[in-house]
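Participant: Contents of my_file37.pdb (PDB, C-alpha atoms) are given next:
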```pdb
ATOM      1  CA  MET A   1     -80.939  64.966 211.297  1.00  0.00           C
ATOM      2  CA  SER A   2     -84.266  63.192 210.934  1.00  0.00           C
ATOM      3  CA  ALA A   3     -84.056  63.607 207.148  1.00  0.00           C
ATOM      4  CA  ILE A   4     -80.706  61.785 207.089  1.00  0.00           C
ATOM      5  CA  ILE A   5     -81.989  58.972 209.315  1.00  0.00           C
ATOM      6  CA  LEU A   6     -85.114  58.536 207.221  1.00  0.00           C
ATOM      7  CA  PHE A   7     -83.199  58.731 203.946  1.00  0.00           C
ATOM      8  CA  TRP A   8     -80.800  55.959 204.891  1.00  0.00           C
ATOM      9  CA  ALA A   9     -83.493  53.760 206.420  1.00  0.00           C
ATOM     10  CA  VAL A  10     -85.675  54.077 203.312  1.00  0.00           C
ATOM     11  CA  THR A  11     -82.713  53.407 201.031  1.00  0.00           C
ATOM     12  CA  ILE A  12     -81.617  50.306 202.950  1.00  0.00           C
ATOM     13  CA  ALA A  13     -85.211  49.038 203.084  1.00  0.00           C
ATOM     14  CA  GLN A  14     -85.658  49.551 199.349  1.00  0.00           C
ATOM     15  CA  VAL A  15     -82.421  47.742 198.542  1.00  0.00           C
ATOM     16  CA  ALA A  16     -83.400  44.854 200.834  1.00  0.00           C
ATOM     17  CA  LEU A  17     -86.832  44.607 199.231  1.00  0.00           C
ATOM     18  CA  ALA A  18     -85.286  44.752 195.764  1.00  0.00           C
ATOM     19  CA  ILE A  19     -82.979  41.852 196.664  1.00  0.00           C
ATOM     20  CA  ALA A  20     -85.992  39.960 198.034  1.00  0.00           C
ATOM     21  CA  MET A  21     -87.877  40.577 194.772  1.00  0.00           C
ATOM     22  CA  ALA A  22     -84.866  39.347 192.797  1.00  0.00           C
ATOM     23  CA  LEU A  23     -84.669  36.154 194.887  1.00  0.00           C
ATOM     24  CA  ALA A  24     -88.385  35.489 194.357  1.00  0.00           C
ATOM     25  CA  LEU A  25     -87.939  36.139 190.638  1.00  0.00           C
ATOM     26  CA  VAL A  26     -85.004  33.713 190.432  1.00  0.00           C
ATOM     27  CA  ARG A  27     -87.086  31.030 192.143  1.00  0.00           C
ATOM     28  CA  MET A  28     -89.997  31.789 189.843  1.00  0.00           C
ATOM     29  CA  ILE A  29     -87.824  31.329 186.751  1.00  0.00           C
ATOM     30  CA  LYS A  30     -85.889  28.340 188.079  1.00  0.00           C
ATOM     31  CA  GLY A  31     -88.553  26.675 190.224  1.00  0.00           C
ATOM     32  CA  PRO A  32     -88.624  22.985 189.367  1.00  0.00           C
ATOM     33  CA  ARG A  33     -92.414  22.653 189.329  1.00  0.00           C
ATOM     34  CA  ALA A  34     -95.458  24.747 188.611  1.00  0.00           C
ATOM     35  CA  GLN A  35     -96.394  25.263 192.258  1.00  0.00           C
ATOM     36  CA  ASP A  36     -92.950  26.770 192.947  1.00  0.00           C
ATOM     37  CA  ARG A  37     -93.539  29.274 190.172  1.00  0.00           C
ATOM     38  CA  VAL A  38     -96.974  30.204 191.512  1.00  0.00           C
ATOM     39  CA  LEU A  39     -95.561  30.668 195.017  1.00  0.00           C
ATOM     40  CA  GLY A  40     -92.730  32.739 193.552  1.00  0.00           C
ATOM     41  CA  LEU A  41     -95.262  34.972 191.812  1.00  0.00           C
ATOM     42  CA  ASP A  42     -97.158  35.394 195.087  1.00  0.00           C
ATOM     43  CA  THR A  43     -93.951  36.324 196.935  1.00  0.00           C
ATOM     44  CA  LEU A  44     -93.068  38.751 194.165  1.00  0.00           C
ATOM     45  CA  TYR A  45     -96.495  40.385 194.484  1.00  0.00           C
ATOM     46  CA  VAL A  46     -96.151  40.841 198.255  1.00  0.00           C
ATOM     47  CA  ASN A  47     -92.602  42.174 197.959  1.00  0.00           C
ATOM     48  CA  SER A  48     -93.552  44.675 195.276  1.00  0.00           C
ATOM     49  CA  MET A  49     -96.509  45.812 197.394  1.00  0.00           C
ATOM     50  CA  LEU A  50     -94.129  46.492 200.297  1.00  0.00           C
ATOM     51  CA  GLN A  51     -91.714  48.214 197.925  1.00  0.00           C
ATOM     52  CA  LEU A  52     -94.490  50.584 196.868  1.00  0.00           C
ATOM     53  CA  LEU A  53     -95.379  51.339 200.508  1.00  0.00           C
ATOM     54  CA  VAL A  54     -91.741  52.239 201.201  1.00  0.00           C
ATOM     55  CA  PHE A  55     -91.714  54.347 198.037  1.00  0.00           C
ATOM     56  CA  GLY A  56     -94.750  56.184 199.378  1.00  0.00           C
ATOM     57  CA  ILE A  57     -92.822  56.995 202.563  1.00  0.00           C
ATOM     58  CA  ARG A  58     -89.913  58.223 200.442  1.00  0.00           C
ATOM     59  CA  THR A  59     -91.996  60.594 198.334  1.00  0.00           C
ATOM     60  CA  GLY A  60     -94.337  61.565 201.160  1.00  0.00           C
ATOM     61  CA  SER A  61     -97.447  61.166 199.006  1.00  0.00           C
ATOM     62  CA  THR A  62    -100.377  58.889 199.885  1.00  0.00           C
ATOM     63  CA  LEU A  63    -100.957  58.118 196.217  1.00  0.00           C
ATOM     64  CA  TYR A  64     -98.898  54.938 196.376  1.00  0.00           C
ATOM     65  CA  PHE A  65    -101.124  53.454 199.047  1.00  0.00           C
ATOM     66  CA  GLU A  66    -103.937  52.766 196.562  1.00  0.00           C
ATOM     67  CA  VAL A  67    -101.498  51.169 194.134  1.00  0.00           C
ATOM     68  CA  ALA A  68    -100.165  48.907 196.891  1.00  0.00           C
ATOM     69  CA  LEU A  69    -103.705  47.916 197.911  1.00  0.00           C
ATOM     70  CA  ILE A  70    -104.655  47.059 194.317  1.00  0.00           C
ATOM     71  CA  ILE A  71    -101.471  44.992 193.905  1.00  0.00           C
ATOM     72  CA  GLY A  72    -102.284  43.110 197.102  1.00  0.00           C
ATOM     73  CA  ILE A  73    -105.837  42.319 195.968  1.00  0.00           C
ATOM     74  CA  LEU A  74    -104.733  41.295 192.473  1.00  0.00           C
ATOM     75  CA  GLY A  75    -102.007  39.079 193.924  1.00  0.00           C
ATOM     76  CA  PHE A  76    -104.530  37.268 196.097  1.00  0.00           C
ATOM     77  CA  VAL A  77    -106.961  36.705 193.235  1.00  0.00           C
ATOM     78  CA  ALA A  78    -104.209  35.600 190.847  1.00  0.00           C
ATOM     79  CA  THR A  79    -102.703  33.110 193.265  1.00  0.00           C
ATOM     80  CA  VAL A  80    -106.081  31.617 194.201  1.00  0.00           C
ATOM     81  CA  ALA A  81    -106.983  31.231 190.519  1.00  0.00           C
ATOM     82  CA  LEU A  82    -103.634  29.625 189.718  1.00  0.00           C
ATOM     83  CA  ALA A  83    -103.918  27.251 192.683  1.00  0.00           C
ATOM     84  CA  LYS A  84    -107.398  26.279 191.500  1.00  0.00           C
ATOM     85  CA  PHE A  85    -105.983  25.711 188.036  1.00  0.00           C
ATOM     86  CA  LEU A  86    -103.221  23.472 189.377  1.00  0.00           C
ATOM     87  CA  MET A  87    -105.763  21.469 191.347  1.00  0.00           C
ATOM     88  CA  ARG A  88    -108.511  21.029 188.745  1.00  0.00           C
ATOM     89  CA  GLY A  89    -107.053  21.929 185.383  1.00  0.00           C
ATOM     90  CA  GLU A  90    -109.585  24.742 184.942  1.00  0.00           C
ATOM     91  CA  VAL A  91    -110.423  27.906 186.850  1.00  0.00           C
ATOM     92  CA  ILE A  92    -114.194  28.216 186.490  1.00  0.00           C
ATOM     93  CA  GLU A  93    -116.143  25.012 186.350  1.00  0.00           C
TER      94      GLU A  93
ATOM     95  CA  MET B   1     -87.192  64.114 200.647  1.00  0.00           C
ATOM     96  CA  ASN B   2     -88.113  67.583 201.823  1.00  0.00           C
ATOM     97  CA  HIS B   3     -91.015  66.348 203.899  1.00  0.00           C
ATOM     98  CA  ALA B   4     -88.655  64.238 206.027  1.00  0.00           C
ATOM     99  CA  SER B   5     -87.139  67.274 207.752  1.00  0.00           C
ATOM    100  CA  ASP B   6     -90.630  68.095 209.099  1.00  0.00           C
ATOM    101  CA  LEU B   7     -90.608  64.884 211.095  1.00  0.00           C
ATOM    102  CA  PRO B   8     -89.481  65.126 214.720  1.00  0.00           C
ATOM    103  CA  LEU B   9     -86.507  62.993 215.636  1.00  0.00           C
ATOM    104  CA  TRP B  10     -88.450  60.384 217.623  1.00  0.00           C
ATOM    105  CA  ALA B  11     -90.846  59.790 214.725  1.00  0.00           C
ATOM    106  CA  ALA B  12     -87.977  59.472 212.254  1.00  0.00           C
ATOM    107  CA  LEU B  13     -86.228  56.954 214.516  1.00  0.00           C
ATOM    108  CA  LEU B  14     -89.425  54.954 214.971  1.00  0.00           C
ATOM    109  CA  VAL B  15     -90.161  54.915 211.241  1.00  0.00           C
ATOM    110  CA  ALA B  16     -86.565  53.927 210.461  1.00  0.00           C
ATOM    111  CA  VAL B  17     -86.584  51.050 212.966  1.00  0.00           C
ATOM    112  CA  PHE B  18     -89.881  49.684 211.700  1.00  0.00           C
ATOM    113  CA  LEU B  19     -88.779  49.995 208.074  1.00  0.00           C
ATOM    114  CA  LEU B  20     -85.553  48.132 208.751  1.00  0.00           C
ATOM    115  CA  ILE B  21     -87.336  45.368 210.702  1.00  0.00           C
ATOM    116  CA  GLY B  22     -89.946  44.899 207.984  1.00  0.00           C
ATOM    117  CA  ALA B  23     -87.572  44.958 205.056  1.00  0.00           C
ATOM    118  CA  GLY B  24     -85.088  42.690 206.841  1.00  0.00           C
ATOM    119  CA  LEU B  25     -87.745  40.104 207.677  1.00  0.00           C
ATOM    120  CA  THR B  26     -89.048  40.169 204.113  1.00  0.00           C
ATOM    121  CA  LEU B  27     -85.518  39.674 202.807  1.00  0.00           C
ATOM    122  CA  ILE B  28     -84.957  36.729 205.174  1.00  0.00           C
ATOM    123  CA  GLY B  29     -88.250  35.175 204.078  1.00  0.00           C
ATOM    124  CA  SER B  30     -87.473  35.542 200.397  1.00  0.00           C
ATOM    125  CA  PHE B  31     -83.963  34.180 200.930  1.00  0.00           C
ATOM    126  CA  GLY B  32     -85.455  31.146 202.657  1.00  0.00           C
ATOM    127  CA  PHE B  33     -87.881  30.760 199.765  1.00  0.00           C
ATOM    128  CA  TYR B  34     -84.931  30.766 197.385  1.00  0.00           C
ATOM    129  CA  ARG B  35     -82.780  28.488 199.490  1.00  0.00           C
ATOM    130  CA  LEU B  36     -84.938  25.731 201.024  1.00  0.00           C
ATOM    131  CA  ARG B  37     -85.043  22.357 199.326  1.00  0.00           C
ATOM    132  CA  SER B  38     -88.557  20.980 198.923  1.00  0.00           C
ATOM    133  CA  PHE B  39     -91.757  22.818 198.059  1.00  0.00           C
ATOM    134  CA  TYR B  40     -93.306  22.008 201.422  1.00  0.00           C
ATOM    135  CA  ASP B  41     -90.352  23.671 203.153  1.00  0.00           C
ATOM    136  CA  ARG B  42     -90.441  26.615 200.804  1.00  0.00           C
ATOM    137  CA  ILE B  43     -94.130  27.372 201.303  1.00  0.00           C
ATOM    138  CA  HIS B  44     -93.396  28.436 204.897  1.00  0.00           C
ATOM    139  CA  ALA B  45     -90.657  30.954 204.172  1.00  0.00           C
ATOM    140  CA  PRO B  46     -92.511  33.852 202.458  1.00  0.00           C
ATOM    141  CA  THR B  47     -94.950  34.081 205.378  1.00  0.00           C
ATOM    142  CA  LEU B  48     -92.222  36.006 207.217  1.00  0.00           C
ATOM    143  CA  GLY B  49     -92.768  38.780 204.713  1.00  0.00           C
ATOM    144  CA  THR B  50     -96.537  38.567 204.821  1.00  0.00           C
ATOM    145  CA  SER B  51     -96.823  38.615 208.605  1.00  0.00           C
ATOM    146  CA  TRP B  52     -94.308  40.857 210.339  1.00  0.00           C
ATOM    147  CA  GLY B  53     -92.701  42.216 207.204  1.00  0.00           C
ATOM    148  CA  THR B  54     -95.989  43.718 206.091  1.00  0.00           C
ATOM    149  CA  ALA B  55     -97.041  44.679 209.623  1.00  0.00           C
ATOM    150  CA  ALA B  56     -93.820  46.570 210.357  1.00  0.00           C
ATOM    151  CA  ILE B  57     -93.782  48.473 207.059  1.00  0.00           C
ATOM    152  CA  VAL B  58     -97.489  49.320 207.407  1.00  0.00           C
ATOM    153  CA  MET B  59     -96.837  50.590 210.936  1.00  0.00           C
ATOM    154  CA  ALA B  60     -93.902  52.686 209.697  1.00  0.00           C
ATOM    155  CA  SER B  61     -96.103  54.180 206.992  1.00  0.00           C
ATOM    156  CA  MET B  62     -98.909  54.889 209.471  1.00  0.00           C
ATOM    157  CA  ILE B  63     -96.558  56.618 211.915  1.00  0.00           C
ATOM    158  CA  CYS B  64     -94.913  58.646 209.136  1.00  0.00           C
ATOM    159  CA  PHE B  65     -98.143  59.959 207.615  1.00  0.00           C
ATOM    160  CA  SER B  66     -99.874  60.448 210.975  1.00  0.00           C
ATOM    161  CA  VAL B  67     -97.059  62.704 212.161  1.00  0.00           C
ATOM    162  CA  LEU B  68     -96.702  64.492 208.806  1.00  0.00           C
ATOM    163  CA  GLN B  69    -100.410  65.321 208.449  1.00  0.00           C
ATOM    164  CA  SER B  70    -100.840  65.727 212.262  1.00  0.00           C
ATOM    165  CA  ARG B  71    -103.961  63.554 212.265  1.00  0.00           C
ATOM    166  CA  LEU B  72    -104.530  59.849 212.621  1.00  0.00           C
ATOM    167  CA  VAL B  73    -103.959  58.162 209.245  1.00  0.00           C
ATOM    168  CA  LEU B  74    -105.146  54.598 209.539  1.00  0.00           C
ATOM    169  CA  HIS B  75    -106.025  53.519 206.007  1.00  0.00           C
ATOM    170  CA  GLU B  76    -102.764  51.560 205.672  1.00  0.00           C
ATOM    171  CA  PHE B  77    -104.364  49.251 208.200  1.00  0.00           C
ATOM    172  CA  LEU B  78    -106.488  47.917 205.331  1.00  0.00           C
ATOM    173  CA  ILE B  79    -103.434  46.463 203.616  1.00  0.00           C
ATOM    174  CA  GLY B  80    -102.261  44.823 206.825  1.00  0.00           C
ATOM    175  CA  ILE B  81    -105.640  43.229 207.544  1.00  0.00           C
ATOM    176  CA  PHE B  82    -106.114  42.158 203.933  1.00  0.00           C
ATOM    177  CA  VAL B  83    -102.706  40.507 203.657  1.00  0.00           C
ATOM    178  CA  THR B  84    -103.061  38.837 207.059  1.00  0.00           C
ATOM    179  CA  VAL B  85    -106.473  37.406 206.154  1.00  0.00           C
ATOM    180  CA  THR B  86    -105.722  36.279 202.614  1.00  0.00           C
ATOM    181  CA  THR B  87    -102.270  34.716 202.969  1.00  0.00           C
ATOM    182  CA  PRO B  88    -103.407  31.564 204.840  1.00  0.00           C
ATOM    183  CA  VAL B  89    -106.188  31.051 202.287  1.00  0.00           C
ATOM    184  CA  THR B  90    -103.784  31.265 199.358  1.00  0.00           C
ATOM    185  CA  LEU B  91    -101.102  29.123 200.877  1.00  0.00           C
ATOM    186  CA  MET B  92    -103.500  26.396 202.010  1.00  0.00           C
ATOM    187  CA  LEU B  93    -105.057  26.239 198.541  1.00  0.00           C
ATOM    188  CA  LEU B  94    -101.617  26.104 196.963  1.00  0.00           C
ATOM    189  CA  GLY B  95    -100.393  23.482 199.424  1.00  0.00           C
ATOM    190  CA  ARG B  96    -103.409  21.283 198.782  1.00  0.00           C
ATOM    191  CA  ALA B  97    -102.967  21.660 195.026  1.00  0.00           C
ATOM    192  CA  ALA B  98     -99.309  20.649 195.333  1.00  0.00           C
ATOM    193  CA  LEU B  99    -100.233  17.687 197.550  1.00  0.00           C
ATOM    194  CA  TYR B 100    -102.869  16.589 195.053  1.00  0.00           C
ATOM    195  CA  ARG B 101    -100.380  16.829 192.184  1.00  0.00           C
ATOM    196  CA  ASP B 102     -97.721  14.910 194.085  1.00  0.00           C
ATOM    197  CA  ARG B 103    -100.163  12.194 195.083  1.00  0.00           C
ATOM    198  CA  SER B 104    -101.578  11.760 191.625  1.00  0.00           C
ATOM    199  CA  GLU B 105     -98.024  11.294 190.364  1.00  0.00           C
ATOM    200  CA  GLY B 106     -97.417   8.652 193.020  1.00  0.00           C
ATOM    201  CA  SER B 107     -94.535  10.565 194.575  1.00  0.00           C
ATOM    202  CA  SER B 108     -92.895   8.828 197.528  1.00  0.00           C
ATOM    203  CA  GLU B 109     -92.189  12.082 199.363  1.00  0.00           C
ATOM    204  CA  VAL B 110     -95.785  12.702 200.442  1.00  0.00           C
ATOM    205  CA  PRO B 111     -97.963  10.411 202.562  1.00  0.00           C
ATOM    206  CA  ALA B 112    -100.561   8.439 200.653  1.00  0.00           C
ATOM    207  CA  ILE B 113    -104.285   9.011 200.930  1.00  0.00           C
ATOM    208  CA  ASP B 114    -105.061   5.553 202.332  1.00  0.00           C
ATOM    209  CA  PRO B 115    -104.065   5.043 205.961  1.00  0.00           C
ATOM    210  CA  PRO B 116    -101.333   2.431 206.447  1.00  0.00           C
ATOM    211  CA  LYS B 117    -102.434  -1.124 207.125  1.00  0.00           C
ATOM    212  CA  GLY B 118    -102.958  -1.954 210.783  1.00  0.00           C
ATOM    213  CA  VAL B 119    -103.782   1.542 211.948  1.00  0.00           C
ATOM    214  CA  LEU B 120    -107.498   1.048 211.563  1.00  0.00           C
ATOM    215  CA  ASP B 121    -108.794  -2.275 212.887  1.00  0.00           C
ATOM    216  CA  GLU B 122    -111.787  -2.774 210.661  1.00  0.00           C
ATOM    217  CA  THR B 123    -113.106  -5.890 212.384  1.00  0.00           C
ATOM    218  CA  LYS B 124    -113.821  -3.920 215.541  1.00  0.00           C
ATOM    219  CA  MET B 125    -115.627  -1.142 213.719  1.00  0.00           C
ATOM    220  CA  VAL B 126    -119.357  -1.251 214.298  1.00  0.00           C
ATOM    221  CA  ASP B 127    -121.456  -1.616 211.228  1.00  0.00           C
ATOM    222  CA  GLU B 128    -123.783   1.343 211.053  1.00  0.00           C
ATOM    223  CA  GLU B 129    -126.899  -0.665 210.232  1.00  0.00           C
ATOM    224  CA  SER B 130    -126.481  -3.234 212.997  1.00  0.00           C
ATOM    225  CA  ALA B 131    -125.916  -0.476 215.511  1.00  0.00           C
ATOM    226  CA  TYR B 132    -129.269   1.038 214.735  1.00  0.00           C
ATOM    227  CA  TYR B 133    -131.225  -2.173 214.283  1.00  0.00           C
ATOM    228  CA  PRO B 134    -129.870  -4.767 216.722  1.00  0.00           C
ATOM    229  CA  PRO B 135    -130.637  -8.386 215.722  1.00  0.00           C
ATOM    230  CA  GLU B 136    -133.574  -9.930 217.541  1.00  0.00           C
TER     231      GLU B 136
END
```
What do you get writing this file as structure tokens?
Facilitator:
Amino acid sequence: MSAIILFWAVTIAQVALAIAMALALVRMIKGPRAQDRVLGLDTLYVNSMLQLLVFGIRTGSTLYFEVALIIGILGFVATVALAKFLMRGEVIE
Amino acid sequence: MNHASDLPLWAALLVAVFLLIGAGLTLIGSFGFYRLRSFYDRIHAPTLGTSWGTAAIVMASMICFSVLQSRLVLHEFLIGIFVTVTTPVTLMLLGRAALYRDRSEGSSEVPAIDPPKGVLDETKMVDEESAYYPPE
């Protein structure tokens, strides 16, 4: 019983997160200006991090936690660097 | 999903509810990000995913692994704290960069740097030097 409940919840959550990733990707490709694309990339990073956490629940292994943490850290650094680039025209001055 | 049958029913229900809440909120946030019109509207939408979307999925993961390994597994907490702390930093930097770009282009959608005329009455402002050294 609990396996069925968990299976359907994980499946629905993964489909919802996949749709969310697709929406962020569409905005990233379409986005009229550069800041929309950067924000789309940030949203895509967060959504993929959550997708990996849900995948870890599905497989029952804690291996995916590290991957999700690294994606979160890289997403933060990437977005800060891109925002700095949009502001100044260079990342390290 | 063989490990899932080891979970008691209450834990499975709790994990399922938290997963659905988190994924649903993230989907709503991303849909708003896709749908809203201006950048300054759009920058608010993904925070749904980074606040309660992340928190709910992290809590589901913590409950699932704590019950499965029958000990307290709290390292998912790191992700929650990290995302909660870093999202405002990123979005404020990005918002300021967008504001700077819009202003330097002279866009009419954002307020200008200079305050509008008449807000500050400059004649009544005390000159700093005369305040410190009053005339004899």
Participant: For the structure provided, state which residues fall under the PyMOL selection byres ((chain B and resi 48-52) around 12), and present them as an MDAnalysis selection string.
Facilitator: (chainID A and resid 16:17 20:21 24 42:51 72 76) or (chainID B and resid 18:33 42:47 53:60 79:88 90:91)
Participant: Taking only C-alpha atoms into account, report as number ranges by chain which residues of chain A lie within 6 Å of chain B.
Facilitator: A: 2-3, 6, 9, 13, 16-17, 20, 23, 27, 69, 80, 83, 86-87
Participant: Could you work out how far atom CA of A:Glu90 lies from atom CA of B:Asp102, giving the answer in Å with one decimal?
Facilitator: 17.9 Å
Participant: Could you please determine the separation between atom CA of A:Val26 and atom CA of A:Leu41 in Å, to one decimal place?
Facilitator: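 Between atom CA of A:Val26 and atom CA of A:Leu41 the gap works out to 10.4 Å.
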Participant: Go ahead and compute the interatomic distance for atom CA of B:Arg103 and atom CA of A:Val77, in Å to one decimal.
Facilitator: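 Straight-line distance from atom CA of B:Arg103 to atom CA of A:Val77 works out to 25.5 Å.
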